[in-house]
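*Asks:* Structure incoming, see below.
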8 protein chains.
Amino acid sequence: MKIGAIKKVLRGVKSGHVSVTQAMDTLKNLPFEDLHFAMVDHHRSLRTGYPEVIYCQGKTNRQIAMIFEKLLKRNKNIMGTRASRDVYEAVKKTAPDAVYHEAARIASVDREKIKKSKGVIAVITAGTSDIPVAEEAAVTAEKLGNEVVRVYDVGVAGIHRLFAGMDRINRAGVLIVVAGMEGALASVVGGLVDKPVIAVPTSVGYGASFGGLAALLAMLNSCASGVGVVNIDNGFGAGFLASKINKLANGRKK
Amino acid sequence: MKIGAIKKVLRGVKSGHVSVTQAMDTLKNLPFEDLHFAMVDHHRSLRTGYPEVIYCQGKTNRQIAMIFEKLLKRNKNIMGTRASRDVYEAVKKTAPDAVYHEAARIASVDREKIKKSKGVIAVITAGTSDIPVAEEAAVTAEKLGNEVVRVYDVGVAGIHRLFAGMDRINRAGVLIVVAGMEGALASVVGGLVDKPVIAVPTSVGYGASFGGLAALLAMLNSCASGVGVVNIDNGFGAGFLASKINKLANGRKK
Amino acid sequence: MKIGAIKKVLRGVKSGHVSVTQAMDTLKNLPFEDLHFAMVDHHRSLRTGYPEVIYCQGKTNRQIAMIFEKLLKRNKNIMGTRASRDVYEAVKKTAPDAVYHEAARIASVDREKIKKSKGVIAVITAGTSDIPVAEEAAVTAEKLGNEVVRVYDVGVAGIHRLFAGMDRINRAGVLIVVAGMEGALASVVGGLVDKPVIAVPTSVGYGASFGGLAALLAMLNSCASGVGVVNIDNGFGAGFLASKINKLANGRKK
Amino acid sequence: MKIGAIKKVLRGVKSGHVSVTQAMDTLKNLPFEDLHFAMVDHHRSLRTGYPEVIYCQGKTNRQIAMIFEKLLKRNKNIMGTRASRDVYEAVKKTAPDAVYHEAARIASVDREKIKKSKGVIAVITAGTSDIPVAEEAAVTAEKLGNEVVRVYDVGVAGIHRLFAGMDRINRAGVLIVVAGMEGALASVVGGLVDKPVIAVPTSVGYGASFGGLAALLAMLNSCASGVGVVNIDNGFGAGFLASKINKLANGRKK
Amino acid sequence: MKIGAIKKVLRGVKSGHVSVTQAMDTLKNLPFEDLHFAMVDHHRSLRTGYPEVIYCQGKTNRQIAMIFEKLLKRNKNIMGTRASRDVYEAVKKTAPDAVYHEAARIASVDREKIKKSKGVIAVITAGTSDIPVAEEAAVTAEKLGNEVVRVYDVGVAGIHRLFAGMDRINRAGVLIVVAGMEGALASVVGGLVDKPVIAVPTSVGYGASFGGLAALLAMLNSCASGVGVVNIDNGFGAGFLASKINKLANGRKK
Amino acid sequence: MKIGAIKKVLRGVKSGHVSVTQAMDTLKNLPFEDLHFAMVDHHRSLRTGYPEVIYCQGKTNRQIAMIFEKLLKRNKNIMGTRASRDVYEAVKKTAPDAVYHEAARIASVDREKIKKSKGVIAVITAGTSDIPVAEEAAVTAEKLGNEVVRVYDVGVAGIHRLFAGMDRINRAGVLIVVAGMEGALASVVGGLVDKPVIAVPTSVGYGASFGGLAALLAMLNSCASGVGVVNIDNGFGAGFLASKINKLANGRKK
Amino acid sequence: MKIGAIKKVLRGVKSGHVSVTQAMDTLKNLPFEDLHFAMVDHHRSLRTGYPEVIYCQGKTNRQIAMIFEKLLKRNKNIMGTRASRDVYEAVKKTAPDAVYHEAARIASVDREKIKKSKGVIAVITAGTSDIPVAEEAAVTAEKLGNEVVRVYDVGVAGIHRLFAGMDRINRAGVLIVVAGMEGALASVVGGLVDKPVIAVPTSVGYGASFGGLAALLAMLNSCASGVGVVNIDNGFGAGFLASKINKLANGRKK
Amino acid sequence: MKIGAIKKVLRGVKSGHVSVTQAMDTLKNLPFEDLHFAMVDHHRSLRTGYPEVIYCQGKTNRQIAMIFEKLLKRNKNIMGTRASRDVYEAVKKTAPDAVYHEAARIASVDREKIKKSKGVIAVITAGTSDIPVAEEAAVTAEKLGNEVVRVYDVGVAGIHRLFAGMDRINRAGVLIVVAGMEGALASVVGGLVDKPVIAVPTSVGYGASFGGLAALLAMLNSCASGVGVVNIDNGFGAGFLASKINKLANGRKK
């Protein structure tokens with residue numbers, strides 16, 4: 001262990017066996033990471049009560065259960081995204097108190113209460129088929145300690161539905177807009193509300209939607225300024241970014 | 001004229017100079033189009049007063065002037081699309097009564113009055129940069145005998161501007177929506193109005209608009225039903241299709 | 001109900017309990033949609049007998065059956081597109097009078113007779129593999145009250161078949177052309193007939209058809225003017241747009 | 001003015017000349033936007049001192065000068081993005097106090113002091129060629145009242161340069177990462193700092209960068225959570241979004 | 001038969017029962033193809049012994065069996081491409097003399113002997129995985145009456161294998177080169193042999209082969225002149241085109 | 001000349017000055033191509049009177065003139081494709097008898113008469129803008145000793161024009177179809193005529209033609225069997241391939 | 001064996017039974033490869049102990065078992081890549097001493113010891129999902145006689161993990177970096193270490209990763225110089241290339 | 001300066017004012033980069049005589065001249081890639097001993113002799129248009145101290161030219177293959193020679209070469225194992241990587 005090596009040098013300096021110049025040289029030539037591993041990651045220690053996150057897709061049930069088991073030795077809160085019910089059943093054998101958020105496809109263990117932030121995050125969808133992605137965003141944001149308001153199925157083909165939801169949307173400081181097909185909702189919301197908008201294109205659609213590409217390009221080209229876009233179907237990323245923004249605004253006292 | 005040739009054969013049969021078998025052979029071996037040319041093209045004859053259309057891009061000024069000269073021997077009305085002012089100057093030498101629609105980039109000769117249809121076509125744009133394409137659509141529709149109402153710069157980033165224009169939009173039976181960037185306007189208009197919508201993506205934008213691809217895909221994936229899409233920047237095609245639809249509805253008496 | 005709230009304000013004004021200034025404030029701050037919900041959507045009320053439409057793909061049988069059940073409380077006519085036979089079986093438990101249009105993959109309940117329009121819509125396909133998309137278009141148009149003539153399997157590789165169908169095609173005022181592979185049929189039909197053409201690219205093909213992209217691009221670049229394109233395999237959209245056009249021309253008396 | 005019209009109706013109700021039912025009808029049939037125009041846009045009134053923004057690309061110098069002239073009648077602060085020096089010279093004739101931010105390609109008139117927010121926005125670039133886009137972001141954020149710290153040319157090919165800039169980066173609450181080529185900097189920064197990151201892909205590169213597509217895709221697929229992406233070269237959008245986030249966190253007291 | 005109808009008219013003219021004007025009208029209004037059907041399609045009559053071709057993919061076994069049954073009433077030879085063994089089993093119930101070419105995925109009925117042409121067609125593959133496509137080409141060419149020589153697994157990674165096959169390749173007048181991955185074989189063969197080369201890209205490969213796109217683009221950009229390319233995996237089309245070329249050269253005496 | 005070297009070795013063996021083992025070693029170590037150069041290239045010797053071909057694009061006038069000069073020492077006939085008039089002027093200084101085919105953008109020196117083949121190649125275009133590519137194909141085929149018939153501007157939007165040209169098309173044994181935009185002409189021609197068709201997509205078009213991609217994909221997906229496709233705008237390649245096919249059929253007696 | 005044939009000719013020449021002219025003819029007409037086969041392939045003879053490689057994907061278990069059986073008659077070492085456990089079970093029936101490298105999906109027979117090279121190859125992955133591709137690279141390199149050090153799951157989102165692995169990475173002379181998603185690890189490693197880097201994009205990711213395209217483009221555009229890229233998921237190719245480089249540096253004594 | 005801070009801590013330890021534990025804490029919390037800047041980059045010090053490299057594209061002449069001036073204060077050797085002759089003229093004012101490699105578009109100052117490595121790098125091109133990219137690779141490799149052999153214009157359309165160059169190619173330990181169009185040369189060379197191959201796709205070509213995409217995909221899908229690919233037209237990167245490989249093999253003694 002290199003920490004020991006540094007201590008040794010310092011002790012040598014103390015005892016006079018090592019000159020300051022020699023010590024400087026030794027310190028400079030220590031392998032890079034020895035000293036700074038902690039620093040790079042010490043912001044992690046600030047995140048008390050935050051869940052560790054496992055991306056379950058492409059892993060076997062057994063692998064996921066093992067990762068949960070291992071992480072639970074050092075963590076109170078864990079969430080697994082893109083988790084099927086099968087995954088959840090496997091996790092439950094390891095962690096009987098695990099819960100399953102079906103719509104969000106998230107399995108979680110929540111043994112420590114997360115300190116709630118003050119602000120509100122709105123999650124808005126164009127259609128009902130966008131809800132799984134929206135729920136991934138919403139549950140992620142909730143697990144990270146944010147209040148979430150859901151305004152679903154308010155796509156631009158019936159824009160009055162969006163207007164009917166404006167009251168609830170206006171409560172939020174950060175908006176997540178989830179839409180497939182042509183993704184126009186992000187632009188309309190971005191034009192109506194003067195707050196940060198995170199746009200999540202979804203793979204909902206067919207033909208020339210090319211698996212969400214149409215919505216992605218539309219959102220990147222939004223004529224409404226102040227829209228940040230995440231990957232297609234990336235509800236988790238949107239929830240995570242919204243949480244960061246909300247914490248920045250409201251999480252100071254922690 | 002080949003119709004004469006057929007008549008001659010039939011008269012020969014009648015008079016007995018031509019046997020039925022000979023007549024059969026003659027008819028079979030007549031060049032394909034002789035009989036059917038008329039049918040294939042006879043809708044042309046219905047289009048009295050309609051302009052012949054020349055796509056000027058990629059042609060030299062001299063070529064365009066020559067085509068105008070030649071066509072004017074058989075036609076009263078001609079329009080050249082994608083025509084620069086230079087093209088117009090060249091055409092004017094041949095046809096001093098030619099006029100230039102600068103915003104639409106259309107040079108035209110209008111020697112016969114076109115019978116006006118009853119209906120109205122609305123041409124709507126998201127931004128001011130979409131106007132050249134919109135004008136190409138609008139002037140095309142006007143040259144084909146339609147009344148056009150223009151509602152420009154009503155993009156979804158400031159949706160109140162669109163609502164402010166709804167009165168004028170509601171006068172029309174057919175709508176042309178011209179938008180670049182994310183092309184969301186087509187979906188919003190398509191959701192507000194229960195009339196045929198022709199969407200024209202434009203190459204307005206940069207980066208991930210990929211020359212209009214973003215708007216094109218968005219319009220093809222519109223969550224509003226009843227939207228037909230034409231090629232990027234194809235104002236002429238949109239004006240032409242809108243005119244066909246309007247004539248179908250209102251042009252019967254001609 | 002907010003309409004009641006507005007009435008209450010007005011009555012307050014009338015009785016003198018509410019000043020004009022107070023009433024102005026109240027009205028201004030009423031949630032956006034309360035007043036205008038009706039207007040935005042009142043064209044819906046004109047569509048008596050029209051079916052509500054459910055896009056079934058990506059929904060579970062149970063979800064679809066529930067939506068049917070719910071909608072049937074307020075609607076006489078409902079159609080579900082992209083419905084497998086399984087979906088239909090599930091719907092039938094809720095609505096025993098539901099019928100299934102197998103080729104079109106449409107399940108429908110038709111409890112109120114739709115007023116027929118006068119005009120005719122022609123649905124034309126290049127090949128037999130394009131028929132499911134064509135039937136989606138045709139049945140949609142029929143459910144919306146249009147007469148439909150079908151001209152199938154008349155692709156350009158054997159162009160005489162198309163000519164053999166011209167009589168029937170000429171009966172129609174609006175044409176829907178459904179084609180996969182290279183999608184050339186739209187251009188040929190668009191060149192032969194002076195009527196609005198709606199082109200539907202299909203995903204029929206392999207290799208460099210790229211799931212319908214080849215046909216889509218071909219139709220967007222059609223050298224025949226007056227062709228509007230919808231999304232790949234979007235039979236419903238084509239039928240819906242054709243119906244709008246046909247109603248515009250023939251549906252006035254309703 | 002329509003507000004007057006509503007007042008008139010209310011006064012009629014008050015005086016008894018208008019019945020409640022008549023008033024209801026009148027209100028319902030008022031053009032859509034009359035009542036709500038203000039609401040839709042009233043967040044604008046909160047933005048005292050904010051500049052109006054003109055996107056200059058694709059407009060003639062004369063058009064831009066005219067827009068500046070017109071806007072200056074109602075606004076104190078205006079900024080024109082994607083403005084060449086030529087544009088600036090044209091604007092200066094109208095507004096002699098206009099200034100030009102050469103690197104950012106922004107021409108601005110700043111007649112009212114913008115209230116400064118407390119937080120800091122860091123703008124970070126991978127290379128020197130990314131600086132024009134970065135400056136567009138930085139100057140935009142400054143014009144909107146934010147303090148900006150610039151950390152340029154710290155791309156991952158020499159990651160020590162990034163580490164050398166961490167002190168300055170850590171001062172900021174919101175980070176804008178501007179990178180072309182493979183865009184890896186966004187992921188590295190996103191992994192080092194637990195704050196909202198806005199990633200701006202640039203068109204810097206050649207060959208398989210495909211005009212910024214490579215960087216765009218990389219940023220959308222960032223393995224670091226909490227990265228929002230804007231369009232290729234969209235420095236303005238990034239600065240605008242960063243400002244919204246920073247205001248949310250620090251702009252409350254205003 | 002319409003030819004009869006025309007004859008009848010002519011006889012009527014002859015006998016005086018039909019006036020010339022009436023005859024003209026009748027002829028003009030005959031459905032388009034009646035006169036020309038024969039011409040358009042008369043090359044079909046030359047193809048005695050040629051198989052009718054059914055593209056089986058996307059059709060049910062039952063549909064295919066029915067088409068075979070129907071066609072066998074008018075045809076002696078039929079081939080079904082993209083036919084699984086299942087398809088073949090279904091066909092055999094209708095046509096017990098059907099045979100199955102497993103590697104080529106072709107089911108055929110061959111009741112009339114096809115006249116053999118003189119020339120030889122070489123089918124060359126880069127790898128063993130390209131053989132199914134190559135066999136589709138080879139069996140197609142054989143069914144159309146051509147002699148085929150197969151030179152398989154001679155890809156450019158071991159170019160000596162290709163040279164070892166040159167003797168057999170040199171026997172042929174037309175070459176079909178079938179290759180996936182980078183498709184380089186077409187260029188190498190095209191550079192070695194001064195004969196028409198038909199290149200067939202295959203979907204063999206993974207990753208950046210993008211389903212055959214890499215090979216397709218490579219073949220289209222071949223530095224060897226005189227290479228014609230067909231669709232990805234289109235063995236049938238290559239065999240058909242090669243047969244046309246070979247017949248042109250050698251099929252005259254038939 | 002290396003053939004001499006081999007002879008020398010053999011004579012050494014004969015005379016006993018060279019042992020069999022030494023001869024084996026010498027032969028094995030001869031540079032690869034010495035023996036086989038002739039074979040690899042001996043088809044060149046058959047091409048008496050054929051032009052050497054220079055692709056001029058991307059070369060300077062001076063480079064091209066030098067290549068012409070050098071080649072003319074060993075060749076009678078040379079053609080430069082993609083040659084501007086400037087290129088021609090530069091070539092003329094070296095070869096005063098050079099001629100310029102303006103429409104085809106080909107500069108050529110023709111000092112030896114090419115033996116004419118018997119067959120005819122038809123070059124067909126959809127529009128007038130496709131003519132430069134078509135002329136490149138036609139002049140190439142002519143320089144290679146083929147008779148060419150040109151049938152221009154017969155695109156499918158006015159299909160009667162194509163039918164009017166069928167007589168001339170039917171004279172040919174090989175067809176080259178040149179079309180931009182949606183490229184439908186290749187399928188229509190391929191369906192009408194039972195002869196090899198070479199399809200040349202052109203970059204004529206705009207927007208979603210994506211520089212000829214739309215036409216390219218359409219031609220690759222042609223529903224007409226027996227269509228071989230070359231690169232976008234590759235008139236030379238089409239003419240070269242057509243010549244190979246025509247020679248195969250008609251060039252035997254040479 | 002043809003070498004014998006040549007010897008025979010030479011002996012004939014020596015003995016006078018064969019004239020020099022006859023010998024020339026014979027040599028010229030020997031199949032191309034006879035003489036040069038050895039040269040083309042003689043590097044193979046240097047590869048004593050190297051495994052023959054079979055790409056198993058797309059082959060049936062039976063085919064693979066047969067290829068193993070056949071190859072084992074002439075080879076001691078064989079490896080099959082992209083081999084499922086099923087494939088392995090099939091191979092084991094033929095070669096009971098076959099072993100299965102599960103993570104690498106490689107089945108191998110290793111009957112001759114491979115001479116080890118001196119250098120070390122490092123295989124580095126961004127995430128755990130990249131391990132199958134990394135193992136394919138690592139096992140390939142090992143089978144080819146290289147020492148491999150594995151440094152897994154050190155992606156840039158937690159860059160301290162990479163620094164912690166630098167000691168092991170610095171032992172290697174050639175680096176293989178395996179990463180999906182945005183593929184940034186290749187640039188970071190390429191910037192830290194002055195050694196050849198082979199980058200392997202993987203298909204790990206979703207949405208806008210487009211099956212590995214995002215990582216592929218990122219790696220091709222790496223701002224770190226000296227990065228060579230192989231196909232998506234091509235672990236074998238990377239291991240093979242790394243081995244070539246390592247042998248070049250360390251394999252001289254063999 | 002932080003180095004001073006560390007010294008201060010060490011002196012405190014020495015004097016007894018700072019305990020070892022306190023010193024450990026202080027060192028751990030020092031900003032990351034202070035200690036390690038040198039280490040991260042100290043491999044640079046090993047590269048004595050190596051040029052600094054400037055990518056000139058997109059920089060003004062004045063900027064480039066300034067960078068040269070600044071770098072020359074600390075460096076003996078500098079090279080600027082993608083440098084036009086104009087750039088060179090500007091550089092020469094600052095550094096009169098600068099030289100210009102026209103074909104390679106490289107301007108360089110070479111004031112210190114670079115130690116030559118032993119190995120040879122071969123740079124091979126398919127055509128003459130690929131030479132600028134090839135020269136960029138070759139001159140880069142030479143500036144880095146490698147011997148380079150050039151084998152140009154040996155594309156696969158005339159494969160005997162490649163074979164004629166094999167002797168020179170076989171001298172090299174590392175091969176760079178530069179090819180546009182279909183890029184087949186990389187596969188052929190990779191199949192002939194058992195050495196590391198670096199493939200450079202070029203943008204040479206037109207139409208479906210899509211700016212070098214065709215060659216890029218072909219090279220990534222090469223059927224020859226052991227090919228590493230760099231970005232389109234990236235001659236510098238290829239030369240740099242080849243040099244790294246060659247140094248690894250031959251540069252040890254330095």
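Following the order of the structure tokens, first chain is A, next is B, and so on, with residues numbered from 1 inside each chain and ligands from 1 in the order they appear.
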Using only C-alpha atoms, find the residues of chain H whose closest atom to chain F is at most 7 Å away, then write them as a PDB file with N, CA and C atoms, in the first residue's frame.

*Replies:*
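Produced file iface25.pdb, reproduced below:
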ATOM      1  N   HIS H 160      -1.397  -6.750 -60.776  1.00  0.00           N
ATOM      2  CA  HIS H 160       0.000  -7.042 -61.112  1.00  0.00           C
ATOM      3  C   HIS H 160       0.921  -5.914 -60.645  1.00  0.00           C
ATOM      4  N   PHE H 163       1.805  -6.689 -57.153  1.00  0.00           N
ATOM      5  CA  PHE H 163       2.761  -7.784 -57.056  1.00  0.00           C
ATOM      6  C   PHE H 163       4.161  -7.286 -57.431  1.00  0.00           C
ATOM      7  N   ALA H 164       4.212  -6.407 -58.413  1.00  0.00           N
ATOM      8  CA  ALA H 164       5.504  -5.851 -58.822  1.00  0.00           C
ATOM      9  C   ALA H 164       6.160  -5.054 -57.701  1.00  0.00           C
ATOM     10  N   GLY H 207     -19.967  10.373 -55.522  1.00  0.00           N
ATOM     11  CA  GLY H 207     -21.231   9.647 -55.396  1.00  0.00           C
ATOM     12  C   GLY H 207     -21.289   8.840 -54.117  1.00  0.00           C
ATOM     13  N   ALA H 208     -21.493   7.538 -54.260  1.00  0.00           N
ATOM     14  CA  ALA H 208     -21.690   6.670 -53.108  1.00  0.00           C
ATOM     15  C   ALA H 208     -20.404   6.399 -52.326  1.00  0.00           C
TER      16      ALA H 208
END

*Asks:* List the neighbours of Ala249 of chain H out to 9 Å using only C-alpha atoms; skip same-chain residues closer than 3 positions along the sequence, and give me the result as a list in words.

*Replies:*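 Surrounding residues, per the criterion: Ile245, Asn246, Lys247, Leu248, Ala249 and Asn250 of chain G; Lys118, Gly119, Gly173, Lys244, Ile245, Asn246 and Arg252 of chain H.
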
*Asks:* Find the residues around Ala238 of chain G up to 12 Å (only C-alpha atoms counted), leave out those fewer than 5 positions away in its own chain, and share them as a ChimeraX atom specification.

*Replies:* /G:121-124,133-141,174-178,196-202,227-233,243-245 /H:196-197,220,224-229

*Asks:* So that I can check the surroundings of Phe68 of chain C, please list as a PyMOL selection string every protein, DNA and RNA residue that reaches within 9 Å of it, counting only C-alpha atoms and ignoring chain neighbours fewer than 4 positions away.

*Replies:* chain C and resi 54+63-64+72-73+78-80+91+94-95+109

*Asks:* From the DSSP assignment of the backbone, select every residue of segment 116-187 of chain H that is helix (DSSP H, G or I), and format the answer as number ranges by chain.

*Replies:* H: 128-143, 156-164, 166-170, 185-187

*Asks:* Which residue is closest to Tyr50 of chain B? Choose from B:Asn77, B:Gln22, B:Asn221, B:Asn146 and count only C-alpha atoms.

*Replies:*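 Among B:Asn77, B:Gln22, B:Asn221, B:Asn146, it is B:Asn77 that comes nearest to Tyr50 of chain B.
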
*Asks:* Residues near Gly158 of chain F, anyone? I mean within 10 Å using only C-alpha atoms, not counting same-chain ones fewer than 2 positions away, as a list in words.

*Replies:*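 Here the qualifying residues turn out to be Val40 and Asp41 of chain B; Ser187, Val188, Val189, Gly190, Gly191, Leu192, Cys223 and Ala224 of chain C; Ala126, Asp153, Val154, Gly155, Val156, His160, Arg161, Leu162 and Phe163 of chain F.
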
*Asks:* DSSP on the backbone: what in segment 6-245 of chain E comes out strand (DSSP E), as a PyMOL selection string?

*Replies:* chain E and resi 52-55+77-81+99-101+106-110+120-125+147-151+174-179+197-201+227-229

*Asks:* Which residues are close to Ile131 of chain B, i.e. within 8 Å by only C-alpha atoms, leaving aside same-chain residues fewer than 6 positions away? Reply as a list in words.

*Replies:*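 Skipping anything fewer than 6 positions along the chain leaves Ala103, Thr125 and Tyr152 of chain B.
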
*Asks:* Print the selection's residues with C-alpha atoms to a file, as an mmCIF file, in the first residue's frame.

*Replies:*
data_model
loop_
_atom_site.group_PDB
_atom_site.id
_atom_site.type_symbol
_atom_site.label_atom_id
_atom_site.label_comp_id
_atom_site.auth_asym_id
_atom_site.auth_seq_id
_atom_site.Cartn_x
_atom_site.Cartn_y
_atom_site.Cartn_z
ATOM 1 C CA ALA B 103 -39.098 36.290 -52.338
ATOM 2 C CA THR B 125 -44.203 29.389 -41.561
ATOM 3 C CA TYR B 152 -45.689 33.799 -41.269
#
